[in-house]
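Notes to accompany the following structure.
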There are 2 protein chains.
Amino acid sequence: MEGGKGGLEGVVACATEIGVIDGDAGRLLYRGYEIADLVDSRASFEDVAYLLWMGCLPTQKERSDLCQALDRARDLSPPFEHFLRSLPAGDPMTSLRTAVSALGLFDGVDTPSPLACATWLTGRLAAIVAAQYRLARGQQVLASRSDLGHAANVLYLLFGREPSPLEACVLDVALVLHADHELNASTFAARVCSATLADMYAAITSAVGTLSGPLHGAANAAANRALEEIGQPERASGWVREHLARGEKIPGFGHRVYRHRWDPRAVILRSLARDLAQQKGDQRLFAITEALERAVEGERELYPNVDLYSGVVYRLLGIGPELFTPLFAVARIVGWTAHVMEQYAHNRIIRPRAEYVGPQPRRVADERLA
Amino acid sequence: MEGGKGGLEGVVACATEIGVIDGDAGRLLYRGYEIADLVDSRASFEDVAYLLWMGCLPTQKERSDLCQALDRARDLSPPFEHFLRSLPAGDPMTSLRTAVSALGLFDGVDTPSPLACATWLTGRLAAIVAAQYRLARGQQVLASRSDLGHAANVLYLLFGREPSPLEACVLDVALVLHADHELNASTFAARVCSATLADMYAAITSAVGTLSGPLHGAANAAANRALEEIGQPERASGWVREHLARGEKIPGFGHRVYRHRWDPRAVILRSLARDLAQQKGDQRLFAITEALERAVEGERELYPNVDLYSGVVYRLLGIGPELFTPLFAVARIVGWTAHVMEQYAHNRIIRPRAEYVGPQPRRVADERLA
């Protein structure tokens with residue numbers, strides 16, 4: 001049997017045509033396109049969804065069909081909205097996971113194709129995140145606006161106000177940057193589930209649950225807590241030294257894949273955060289983050305990852321930390337569903353082995369079985 | 001990077017002390033005890049749960065505490081029962097997955113320890129399966145009976161009648177045999193999820209969703225359909241030849257791990273099925289299964305797996321195929337939770353790599369982005 005360093009590090013679990021991470025070069029490509037190129041070319045979240053699912057960028061007609069399908073999917077049915085109201089208040093990711101799982105009962109699984117199901121789930125999941133956010137605050141659930149793109153709709157459905165073009169654009173880019181990242185834990189979970197030929201609702205429920213872990217989707221909230229704890233730029237270097245001295249990790253820094261380079265998503269998010277901070281006239285958080293970055297640079301070879309600047313961007317958009325992980329799901333569902341479709345198309349059940357390190361064979365008669 | 005034959009076959013994903021499958025010898029051991037030894041020694045499902053969780057068989061006091069905790073967990077709260085009533089009718093595994101996910105909201109995650117949470121979920125899941133079965137038939141949900149063991153309670157909560165000692169014993173053994181099986185897909189899914197430090201509710205929700213796949217938990221229902229299709233012993237060999245000629249798999253035969261031997265669980269279930277068929281004076285299904293077994297033996301080196309005889313046993317207990325996969329979950333939750341506890345205790349995030357086989361690097365400017 002073959003091993004690895006634990007955690008399947010460096011072990012190839014499957015082949016993929018969806019994307020590739022070149023960790024050494026600090027590059028992330030979706031279907032051959034570098035993410036920076038997609039962002040510079042103003043590819044929208046919808047374009048990238050189509051690209052990841054279908055392998056090519058959409059024509060105008062294909063994009064317009066997709067936007068319409070997403071708009072329909074963002075309108076929750078009255079029985080489902082009633083179901084959301086009936087759930088007890090709780091952790092947002094637990095609520096989201098339960099709602100996504102229940103979609104399998106409310107919407108049925110008789111969708112015409114995996115692509116239609118992926119589109120449906122992408123629209124639905126964004127609407128659920130917004131609806132649960134508003135219901136938790138005693139606010140009315142809003143209807144999707146067909147004149148707005150997906151990212152602008154997310155902000156509208158959350159806050160009930162049409163975002164500025166810059167705000168919509170910034171969230172759009174953030175969604176694009178979070179859309180896929182090869183076999184991260186939640187995407188791998190979706191593949192493990194769908195490899196049993198379980199349906200897409202089951203696979204996405206697994207992915208949402210896996211994303212909820214503090215080591216995965218909740219890492220951006222941890223980075224945000226660190227920034228709040230530091231509180232002002234001057235305190236950053238002391239805070240970093242204390243943390244490193246205690247052997248603790250610095251949230252928002254380091255990545256198993258990007259070891260010797262910046263996470264390319266962090267590079268783009270950093271520049272968006274600077275623009276947004278300037279536009280909003282609110283430099284506080286950006287200044288602390290820059291100071292933290294310099295402080296870490298002076299101590300260790302550790303580079304900012306996607307979680308450091310995504311939180312800063314979200315905060316500047318008026319989005320609180322309780323929405324960070326749900327918004328990660330709003331974006332990553334595109335990658336999850338792309339990988340599920342690929343798994344179905346070239347399926348083999350995913351069943352590794354464990355190395356047994358437990359007790360030697362023994363007999364019950366030799367022990368007490370009172 | 002290291003590969004494998006695809007599907008992580010033969011790749012070691014982690015170390016475990018919980019159990020070991022010796023495929024070549026056709027042996028399955030829980031914490032060092034062979035399953036046949038546990039069954040012969042009349043270890044109950046509760047004993048085996050304790051064994052898999054804690055590493056040793058329970059004392060009388062430990063067993064009695066566990067039985068009491070399971071009894072409390074089998075009584076669903078009125079708000080949760082109301083929630084179950086509010087779910088639309090649908091596939092039993094989709095309903096079960098949604099209910100288990102919702103437990104995270106209804107019961108909270110503030111359980112005192114992973115062991116308490118595992119016990120709680122084990123009792124709860126059995127009660128949910130029974131409640132959903134009865135609600136789908138317009139029947140009242142029943143209260144757990146503290147004078148009955150877990151297996152007897154499952155039958156009582158499902159059918160509203162106290163099972164005979166043989167019936168209770170047979171289901172007890174079936175639950176013991178399904179309690180753990182190393183890194184099968186659903187257990188691996190639970191570990192992938194919990195390795196992000198997501199909570200136990202998230203991990204078990206992933207596992208239930210993964211078990212729902214036709215290639216995993218639903219395989220016993222497929223074996224049952226084959227037996228029904230064959231219909232009488234004389235037709236078995238013709239049916240097998242036709243299926244093999246079409247290149248189709250024979251459900252209930254063959255296993256990735258037990259290649260050259262009987263699945264040891266099938267050996268025990270076969271003998272239980274024979275006893276039960278005799279006692280009930282209903283030999284029909286057992287006779288077809290035996291004929292199928294002989295027919296396959298004559299054609300290929302393929303041995304019966306756990307799914308072939310579990311369905312026969314369940315049918316003889318009056319359990320229909322719609323309950324086969326949910327009952328698999330009722331048993332396997334013990335293994336799932338044992339593996340989640342082990343993952344928490346020695347955690348490392350599970351993040352394999354994919355081999356990229358997609359398009360070469362390209363530029364958006366070179367393509368149409370209309």
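Letters A, B, ... mark the chains of the structure tokens in the order given; residue numbers begin at 1 per chain; ligand numbers begin at 1, in order shown.
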
Check your understanding: What's the 9 Å shell around segment 276-290 of chain B, counting only C-alpha atoms, without same-chain residues fewer than 4 positions away, as a PyMOL selection string?
Key -> chain B and resi 166-167+170+227-228+230-236+270-272+294-295+308-309+312-313+315-317

Would you write out those residues with N, CA, C and O atoms, as an mmCIF file, in the first residue's frame?
data_model
loop_
_atom_site.group_PDB
_atom_site.id
_atom_site.type_symbol
_atom_site.label_atom_id
_atom_site.label_comp_id
_atom_site.auth_asym_id
_atom_site.auth_seq_id
_atom_site.Cartn_x
_atom_site.Cartn_y
_atom_site.Cartn_z
ATOM 1 N N LEU B 166 -35.757 -14.269 19.110
ATOM 2 C CA LEU B 166 -34.936 -14.571 17.935
ATOM 3 C C LEU B 166 -34.849 -13.365 16.997
ATOM 4 O O LEU B 166 -33.765 -13.031 16.497
ATOM 5 N N GLU B 167 -35.980 -12.723 16.766
ATOM 6 C CA GLU B 167 -35.965 -11.545 15.889
ATOM 7 C C GLU B 167 -35.019 -10.467 16.434
ATOM 8 O O GLU B 167 -34.215 -9.889 15.689
ATOM 9 N N VAL B 170 -31.411 -11.565 16.018
ATOM 10 C CA VAL B 170 -30.941 -11.523 14.636
ATOM 11 C C VAL B 170 -30.631 -10.086 14.214
ATOM 12 O O VAL B 170 -29.578 -9.808 13.619
ATOM 13 N N LEU B 227 -32.837 -10.722 -6.420
ATOM 14 C CA LEU B 227 -33.490 -11.944 -5.920
ATOM 15 C C LEU B 227 -34.954 -11.986 -6.350
ATOM 16 O O LEU B 227 -35.472 -13.034 -6.738
ATOM 17 N N GLU B 228 -35.611 -10.831 -6.299
ATOM 18 C CA GLU B 228 -37.019 -10.779 -6.701
ATOM 19 C C GLU B 228 -37.167 -11.052 -8.194
ATOM 20 O O GLU B 228 -38.104 -11.710 -8.631
ATOM 21 N N ILE B 230 -35.178 -12.819 -10.052
ATOM 22 C CA ILE B 230 -34.932 -14.250 -10.298
ATOM 23 C C ILE B 230 -36.205 -15.044 -9.950
ATOM 24 O O ILE B 230 -36.639 -15.908 -10.712
ATOM 25 N N GLY B 231 -36.784 -14.741 -8.801
ATOM 26 C CA GLY B 231 -38.127 -15.239 -8.489
ATOM 27 C C GLY B 231 -38.223 -16.682 -8.040
ATOM 28 O O GLY B 231 -38.998 -17.003 -7.157
ATOM 29 N N GLN B 232 -37.441 -17.602 -8.644
ATOM 30 C CA GLN B 232 -37.430 -18.992 -8.184
ATOM 31 C C GLN B 232 -36.053 -19.604 -8.421
ATOM 32 O O GLN B 232 -35.349 -19.237 -9.382
ATOM 33 N N PRO B 233 -35.664 -20.553 -7.535
ATOM 34 C CA PRO B 233 -34.299 -21.091 -7.563
ATOM 35 C C PRO B 233 -33.874 -21.592 -8.946
ATOM 36 O O PRO B 233 -32.723 -21.385 -9.346
ATOM 37 N N GLU B 234 -34.792 -22.213 -9.683
ATOM 38 C CA GLU B 234 -34.413 -22.804 -10.977
ATOM 39 C C GLU B 234 -33.951 -21.743 -11.975
ATOM 40 O O GLU B 234 -33.250 -22.044 -12.942
ATOM 41 N N ARG B 235 -34.412 -20.518 -11.783
ATOM 42 C CA ARG B 235 -34.080 -19.489 -12.767
ATOM 43 C C ARG B 235 -32.722 -18.830 -12.505
ATOM 44 O O ARG B 235 -32.252 -18.013 -13.306
ATOM 45 N N ALA B 236 -32.100 -19.148 -11.355
ATOM 46 C CA ALA B 236 -30.882 -18.423 -10.943
ATOM 47 C C ALA B 236 -29.741 -18.560 -11.955
ATOM 48 O O ALA B 236 -29.118 -17.558 -12.334
ATOM 49 N N ARG B 270 -25.608 -15.402 6.517
ATOM 50 C CA ARG B 270 -26.186 -16.543 5.827
ATOM 51 C C ARG B 270 -26.743 -17.548 6.831
ATOM 52 O O ARG B 270 -27.857 -18.061 6.668
ATOM 53 N N SER B 271 -25.981 -17.794 7.887
ATOM 54 C CA SER B 271 -26.437 -18.792 8.857
ATOM 55 C C SER B 271 -27.652 -18.253 9.640
ATOM 56 O O SER B 271 -28.589 -18.994 9.938
ATOM 57 N N LEU B 272 -27.652 -16.958 9.925
ATOM 58 C CA LEU B 272 -28.832 -16.360 10.571
ATOM 59 C C LEU B 272 -30.049 -16.453 9.668
ATOM 60 O O LEU B 272 -31.168 -16.728 10.120
ATOM 61 N N ARG B 294 -24.811 -20.573 -5.770
ATOM 62 C CA ARG B 294 -24.234 -21.697 -6.511
ATOM 63 C C ARG B 294 -24.032 -21.338 -7.982
ATOM 64 O O ARG B 294 -23.030 -21.697 -8.593
ATOM 65 N N ALA B 295 -24.998 -20.593 -8.529
ATOM 66 C CA ALA B 295 -24.911 -20.233 -9.952
ATOM 67 C C ALA B 295 -23.695 -19.337 -10.203
ATOM 68 O O ALA B 295 -22.974 -19.511 -11.188
ATOM 69 N N LEU B 308 -25.675 -9.276 0.203
ATOM 70 C CA LEU B 308 -26.538 -10.352 -0.306
ATOM 71 C C LEU B 308 -27.444 -10.870 0.811
ATOM 72 O O LEU B 308 -28.667 -10.906 0.666
ATOM 73 N N TYR B 309 -26.846 -11.267 1.939
ATOM 74 C CA TYR B 309 -27.648 -11.906 2.975
ATOM 75 C C TYR B 309 -28.283 -10.933 3.958
ATOM 76 O O TYR B 309 -29.223 -11.293 4.658
ATOM 77 N N VAL B 312 -31.793 -10.543 2.849
ATOM 78 C CA VAL B 312 -32.608 -11.736 3.124
ATOM 79 C C VAL B 312 -33.028 -11.732 4.591
ATOM 80 O O VAL B 312 -34.197 -11.976 4.929
ATOM 81 N N VAL B 313 -32.071 -11.445 5.465
ATOM 82 C CA VAL B 313 -32.363 -11.386 6.901
ATOM 83 C C VAL B 313 -33.423 -10.312 7.181
ATOM 84 O O VAL B 313 -34.393 -10.547 7.904
ATOM 85 N N ARG B 315 -35.666 -8.977 5.180
ATOM 86 C CA ARG B 315 -36.984 -9.361 4.641
ATOM 87 C C ARG B 315 -37.669 -10.368 5.564
ATOM 88 O O ARG B 315 -38.875 -10.280 5.811
ATOM 89 N N LEU B 316 -36.897 -11.323 6.087
ATOM 90 C CA LEU B 316 -37.477 -12.323 6.996
ATOM 91 C C LEU B 316 -37.897 -11.696 8.323
ATOM 92 O O LEU B 316 -38.726 -12.245 9.044
ATOM 93 N N LEU B 317 -37.334 -10.536 8.643
ATOM 94 C CA LEU B 317 -37.759 -9.801 9.846
ATOM 95 C C LEU B 317 -38.943 -8.885 9.539
ATOM 96 O O LEU B 317 -39.377 -8.113 10.395
#

**Study point:** Arg300 of chain B environment, 12 Å, only C-alpha atoms, sequence neighbours closer than 6 positions dropped, as a list in words
**Key:** Val240, Arg241, Leu244, Ala245, Lys249, Ile250, Phe253, Gly254, Arg259, His260, Glu293 and Arg294 of chain B

Residues at most 9 Å from segment 333-335 of chain B, counting only C-alpha atoms, excluding those fewer than 3 positions away in the same chain, as a CSV table (one decimal) with all heavy atoms, in the first residue's frame?
chain,number,residue,atom,x,y,z
B,18,ILE,N,-9.1,1.3,15.3
B,18,ILE,CA,-10.5,0.9,15.5
B,18,ILE,C,-10.7,-0.5,15.0
B,18,ILE,O,-11.3,-1.4,15.7
B,18,ILE,CB,-11.4,1.9,14.9
B,18,ILE,CG1,-11.3,3.2,15.6
B,18,ILE,CG2,-12.9,1.4,14.9
B,18,ILE,CD1,-12.0,4.4,14.9
B,48,VAL,N,-20.6,-3.6,21.4
B,48,VAL,CA,-19.7,-3.3,20.3
B,48,VAL,C,-19.6,-1.8,20.1
B,48,VAL,O,-18.5,-1.4,19.7
B,48,VAL,CB,-20.3,-4.1,19.0
B,48,VAL,CG1,-19.6,-3.5,17.8
B,48,VAL,CG2,-20.0,-5.6,19.1
B,49,ALA,N,-20.6,-1.1,20.3
B,49,ALA,CA,-20.5,0.4,20.2
B,49,ALA,C,-19.5,0.9,21.2
B,49,ALA,O,-18.6,1.6,20.9
B,49,ALA,CB,-21.9,1.0,20.5
B,50,TYR,N,-19.6,0.3,22.5
B,50,TYR,CA,-18.7,0.7,23.5
B,50,TYR,C,-17.2,0.3,23.1
B,50,TYR,O,-16.3,1.1,23.3
B,50,TYR,CB,-19.1,0.1,24.8
B,50,TYR,CG,-18.3,0.7,26.0
B,50,TYR,CD1,-18.9,1.8,26.7
B,50,TYR,CD2,-17.1,0.2,26.4
B,50,TYR,CE1,-18.2,2.3,27.8
B,50,TYR,CE2,-16.4,0.8,27.5
B,50,TYR,CZ,-17.0,1.8,28.2
B,50,TYR,OH,-16.3,2.4,29.2
B,52,LEU,N,-16.0,-0.2,20.1
B,52,LEU,CA,-15.4,0.6,19.0
B,52,LEU,C,-15.1,2.0,19.4
B,52,LEU,O,-14.1,2.6,19.0
B,52,LEU,CB,-16.4,0.6,17.8
B,52,LEU,CG,-16.5,-0.7,17.0
B,52,LEU,CD1,-17.8,-0.7,16.1
B,52,LEU,CD2,-15.3,-1.0,16.3
B,53,TRP,N,-15.9,2.6,20.3
B,53,TRP,CA,-15.6,4.0,20.8
B,53,TRP,C,-14.5,4.0,21.8
B,53,TRP,O,-13.6,4.9,21.7
B,53,TRP,CB,-16.9,4.5,21.5
B,53,TRP,CG,-18.0,4.8,20.6
B,53,TRP,CD1,-17.9,5.1,19.2
B,53,TRP,CD2,-19.4,4.8,20.9
B,53,TRP,NE1,-19.2,5.3,18.7
B,53,TRP,CE2,-20.1,5.2,19.7
B,53,TRP,CE3,-20.2,4.6,22.0
B,53,TRP,CZ2,-21.5,5.3,19.7
B,53,TRP,CZ3,-21.6,4.7,22.0
B,53,TRP,CH2,-22.2,5.0,20.8
B,118,ALA,N,-21.5,11.0,20.4
B,118,ALA,CA,-21.6,9.8,19.6
B,118,ALA,C,-22.8,8.9,20.1
B,118,ALA,O,-23.6,8.4,19.3
B,118,ALA,CB,-20.3,9.0,19.7
B,119,THR,N,-22.9,8.8,21.4
B,119,THR,CA,-24.0,8.0,22.0
B,119,THR,C,-25.3,8.7,21.7
B,119,THR,O,-26.3,8.0,21.3
B,119,THR,CB,-23.8,8.0,23.6
B,119,THR,OG1,-22.5,7.6,23.9
B,119,THR,CG2,-24.8,7.1,24.2
B,121,LEU,N,-26.1,10.7,19.2
B,121,LEU,CA,-26.4,10.6,17.8
B,121,LEU,C,-26.9,9.1,17.4
B,121,LEU,O,-27.7,8.9,16.6
B,121,LEU,CB,-25.2,11.0,16.9
B,121,LEU,CG,-25.1,12.5,16.7
B,121,LEU,CD1,-23.8,12.9,16.1
B,121,LEU,CD2,-26.2,12.9,15.7
B,122,THR,N,-26.2,8.1,18.1
B,122,THR,CA,-26.6,6.7,17.8
B,122,THR,C,-28.0,6.4,18.2
B,122,THR,O,-28.8,5.8,17.5
B,122,THR,CB,-25.6,5.8,18.5
B,122,THR,OG1,-24.3,6.1,18.1
B,122,THR,CG2,-25.9,4.3,18.3
B,125,LEU,N,-30.4,8.7,15.9
B,125,LEU,CA,-30.6,8.3,14.5
B,125,LEU,C,-31.5,7.1,14.3
B,125,LEU,O,-32.4,7.1,13.4
B,125,LEU,CB,-29.2,8.0,13.9
B,125,LEU,CG,-29.2,7.7,12.4
B,125,LEU,CD1,-28.1,8.5,11.7
B,125,LEU,CD2,-29.1,6.3,12.0
B,178,HIS,N,-22.6,-4.7,10.9
B,178,HIS,CA,-22.5,-3.5,10.0
B,178,HIS,C,-21.9,-2.3,10.8
B,178,HIS,O,-21.9,-1.2,10.2
B,178,HIS,CB,-23.9,-3.1,9.6
B,178,HIS,CG,-24.5,-4.0,8.5
B,178,HIS,ND1,-25.1,-5.1,8.7
B,178,HIS,CD2,-24.5,-3.8,7.1
B,178,HIS,CE1,-25.5,-5.7,7.6
B,178,HIS,NE2,-25.1,-4.9,6.6
B,179,ALA,N,-21.5,-2.5,12.0
B,179,ALA,CA,-21.1,-1.4,12.8
B,179,ALA,C,-19.8,-0.6,12.3
B,179,ALA,O,-19.7,0.6,12.5
B,179,ALA,CB,-20.8,-1.8,14.3
B,180,ASP,N,-18.9,-1.4,11.7
B,180,ASP,CA,-17.7,-0.7,11.3
B,180,ASP,C,-17.1,-1.5,10.1
B,180,ASP,O,-17.2,-2.7,10.1
B,180,ASP,CB,-16.7,-0.5,12.4
B,180,ASP,CG,-15.5,0.4,11.9
B,180,ASP,OD1,-15.8,1.5,11.5
B,180,ASP,OD2,-14.3,0.0,11.9
B,181,HIS,N,-16.4,-0.8,9.2
B,181,HIS,CA,-15.7,-1.5,8.1
B,181,HIS,C,-14.6,-0.6,7.6
B,181,HIS,O,-14.6,-0.3,6.4
B,181,HIS,CB,-16.7,-2.0,7.0
B,181,HIS,CG,-16.2,-3.2,6.3
B,181,HIS,ND1,-15.9,-3.1,4.9
B,181,HIS,CD2,-15.9,-4.4,6.7
B,181,HIS,CE1,-15.5,-4.3,4.6
B,181,HIS,NE2,-15.5,-5.1,5.6
B,182,GLU,N,-13.7,-0.2,8.5
B,182,GLU,CA,-12.6,0.6,8.1
B,182,GLU,C,-13.0,1.8,7.2
B,182,GLU,O,-14.1,2.4,7.5
B,182,GLU,CB,-11.6,-0.3,7.4
B,182,GLU,CG,-10.1,0.1,7.5
B,182,GLU,CD,-9.3,-0.2,6.3
B,182,GLU,OE1,-9.8,0.1,5.1
B,182,GLU,OE2,-8.3,-0.9,6.4
B,187,THR,N,-17.6,6.3,5.9
B,187,THR,CA,-16.7,6.5,7.1
B,187,THR,C,-15.6,7.5,6.6
B,187,THR,O,-15.2,8.4,7.4
B,187,THR,CB,-16.1,5.2,7.6
B,187,THR,OG1,-17.2,4.3,7.9
B,187,THR,CG2,-15.2,5.4,8.8
B,204,ILE,N,-21.5,13.4,10.5
B,204,ILE,CA,-22.5,12.3,10.4
B,204,ILE,C,-23.5,12.6,9.2
B,204,ILE,O,-23.9,11.7,8.5
B,204,ILE,CB,-23.2,12.0,11.7
B,204,ILE,CG1,-22.1,11.6,12.8
B,204,ILE,CG2,-24.2,10.9,11.6
B,204,ILE,CD1,-21.1,10.6,12.3
B,207,ALA,N,-21.7,11.6,6.2
B,207,ALA,CA,-21.7,10.1,6.1
B,207,ALA,C,-23.0,9.6,5.6
B,207,ALA,O,-23.1,8.7,4.8
B,207,ALA,CB,-21.3,9.5,7.5
B,208,VAL,N,-24.1,10.1,6.2
B,208,VAL,CA,-25.4,9.6,5.8
B,208,VAL,C,-25.6,9.9,4.3
B,208,VAL,O,-26.1,9.1,3.5
B,208,VAL,CB,-26.6,10.3,6.6
B,208,VAL,CG1,-27.9,10.0,6.0
B,208,VAL,CG2,-26.5,9.9,8.1
B,328,PHE,N,-28.7,0.4,7.7
B,328,PHE,CA,-27.3,0.4,7.5
B,328,PHE,C,-26.7,1.6,8.4
B,328,PHE,O,-25.8,1.4,9.1
B,328,PHE,CB,-26.9,0.5,6.1
B,328,PHE,CG,-25.5,0.1,5.7
B,328,PHE,CD1,-25.3,-0.2,4.3
B,328,PHE,CD2,-24.5,0.2,6.5
B,328,PHE,CE1,-24.0,-0.6,3.9
B,328,PHE,CE2,-23.2,-0.2,6.1
B,328,PHE,CZ,-23.0,-0.5,4.8
B,329,ALA,N,-27.4,2.7,8.2
B,329,ALA,CA,-26.9,3.9,9.0
B,329,ALA,C,-27.1,3.7,10.5
B,329,ALA,O,-26.3,4.1,11.3
B,329,ALA,CB,-27.7,5.1,8.5
B,330,VAL,N,-28.2,3.1,10.9
B,330,VAL,CA,-28.5,2.8,12.3
B,330,VAL,C,-27.3,2.0,12.9
B,330,VAL,O,-26.9,2.3,14.1
B,330,VAL,CB,-29.8,2.0,12.5
B,330,VAL,CG1,-29.9,1.4,13.9
B,330,VAL,CG2,-31.0,2.9,12.2
B,338,ALA,N,-16.9,6.6,15.9
B,338,ALA,CA,-15.6,6.1,16.4
B,338,ALA,C,-14.5,6.7,15.6
B,338,ALA,O,-13.5,7.2,16.1
B,338,ALA,CB,-15.5,4.6,16.4
B,339,HIS,N,-14.6,6.7,14.2
B,339,HIS,CA,-13.6,7.3,13.4
B,339,HIS,C,-13.5,8.8,13.5
B,339,HIS,O,-12.4,9.4,13.4
B,339,HIS,CB,-13.8,6.9,11.9
B,339,HIS,CG,-13.4,5.5,11.6
B,339,HIS,ND1,-12.1,5.3,11.2
B,339,HIS,CD2,-14.0,4.3,11.7
B,339,HIS,CE1,-11.9,4.0,11.0
B,339,HIS,NE2,-13.1,3.3,11.3
B,340,VAL,N,-14.6,9.5,13.7
B,340,VAL,CA,-14.6,10.9,13.9
B,340,VAL,C,-13.8,11.3,15.2
B,340,VAL,O,-12.9,12.1,15.2
B,340,VAL,CB,-16.0,11.5,14.0
B,340,VAL,CG1,-16.0,13.0,14.5
B,340,VAL,CG2,-16.7,11.4,12.6

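Neighbouring residues of Asn153 of chain A at 10 Å or closer, counting only C-alpha atoms and skipping chain neighbours under 6 positions away, are A:Asp71, A:Arg74, A:Ala126, A:Ala127, A:Ala130, A:Ala143, A:Ser144, A:Arg145, A:Ser146, A:Asp147, A:Phe159, A:Gly160, A:Arg161, A:Glu162, A:Pro163, A:Ala168.
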
Practice item. Report as a count of residues only: the residues of segment 33-225 of chain A with a DSSP assignment of helix (DSSP H, G or I), based on the backbone of this structure. Key: 129

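Using only C-alpha atoms, the nearest neighbour of chain B within the list A:Ser206, A:Ser113, A:Asn305, A:Gln132 is A:Ser206.
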
Point to revise | Near-segment 196-198 of chain A list (8 Å; only C-alpha atoms; drop same-chain fewer than 4 positions) as a VMD selection string | key: (chain A and resid 192 202 to 203 344 349 to 350) or (chain B and resid 185 209 to 216)

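Going from atom CA of Asp275 of chain A to atom CA of Pro165 of chain A covers 13.0 Å.
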
Point to revise | Nearest residue to chain B from the set A:Leu292, A:Ala226, A:Val129, A:Val364 (distances using only C-alpha atoms) | key: A:Val364

Just list the residues in segment 226-365 of chain B DSSP gives strand (DSSP E) on the backbone, as a compact mmCIF listing (two decimals) with C-alpha atoms, in the first residue's frame.
# COMPACT_ATOMS: atom_id res chain seq x y z
CA ARG B 353 -4.12 16.52 -4.99
CA ALA B 354 -5.64 16.05 -8.43
CA GLU B 355 -3.64 15.32 -11.55
CA TYR B 356 -4.43 18.10 -14.02

Check your understanding: So how many Å separate atom CA of Cys56 of chain B and atom CA of Leu177 of chain B, to one decimal?
Key -> 17.2 Å

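Atom CA of Ser95 of chain B to atom CA of Leu105 of chain A spans 7.1 Å [interatomic distance, one decimal].
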
Study note, to complete from the structure: If you count only C-alpha atoms, the residue of B:Ser194, B:Thr94, B:Ser310, B:Ser41 closest to Met341 of chain B turns out to be B:Ser194
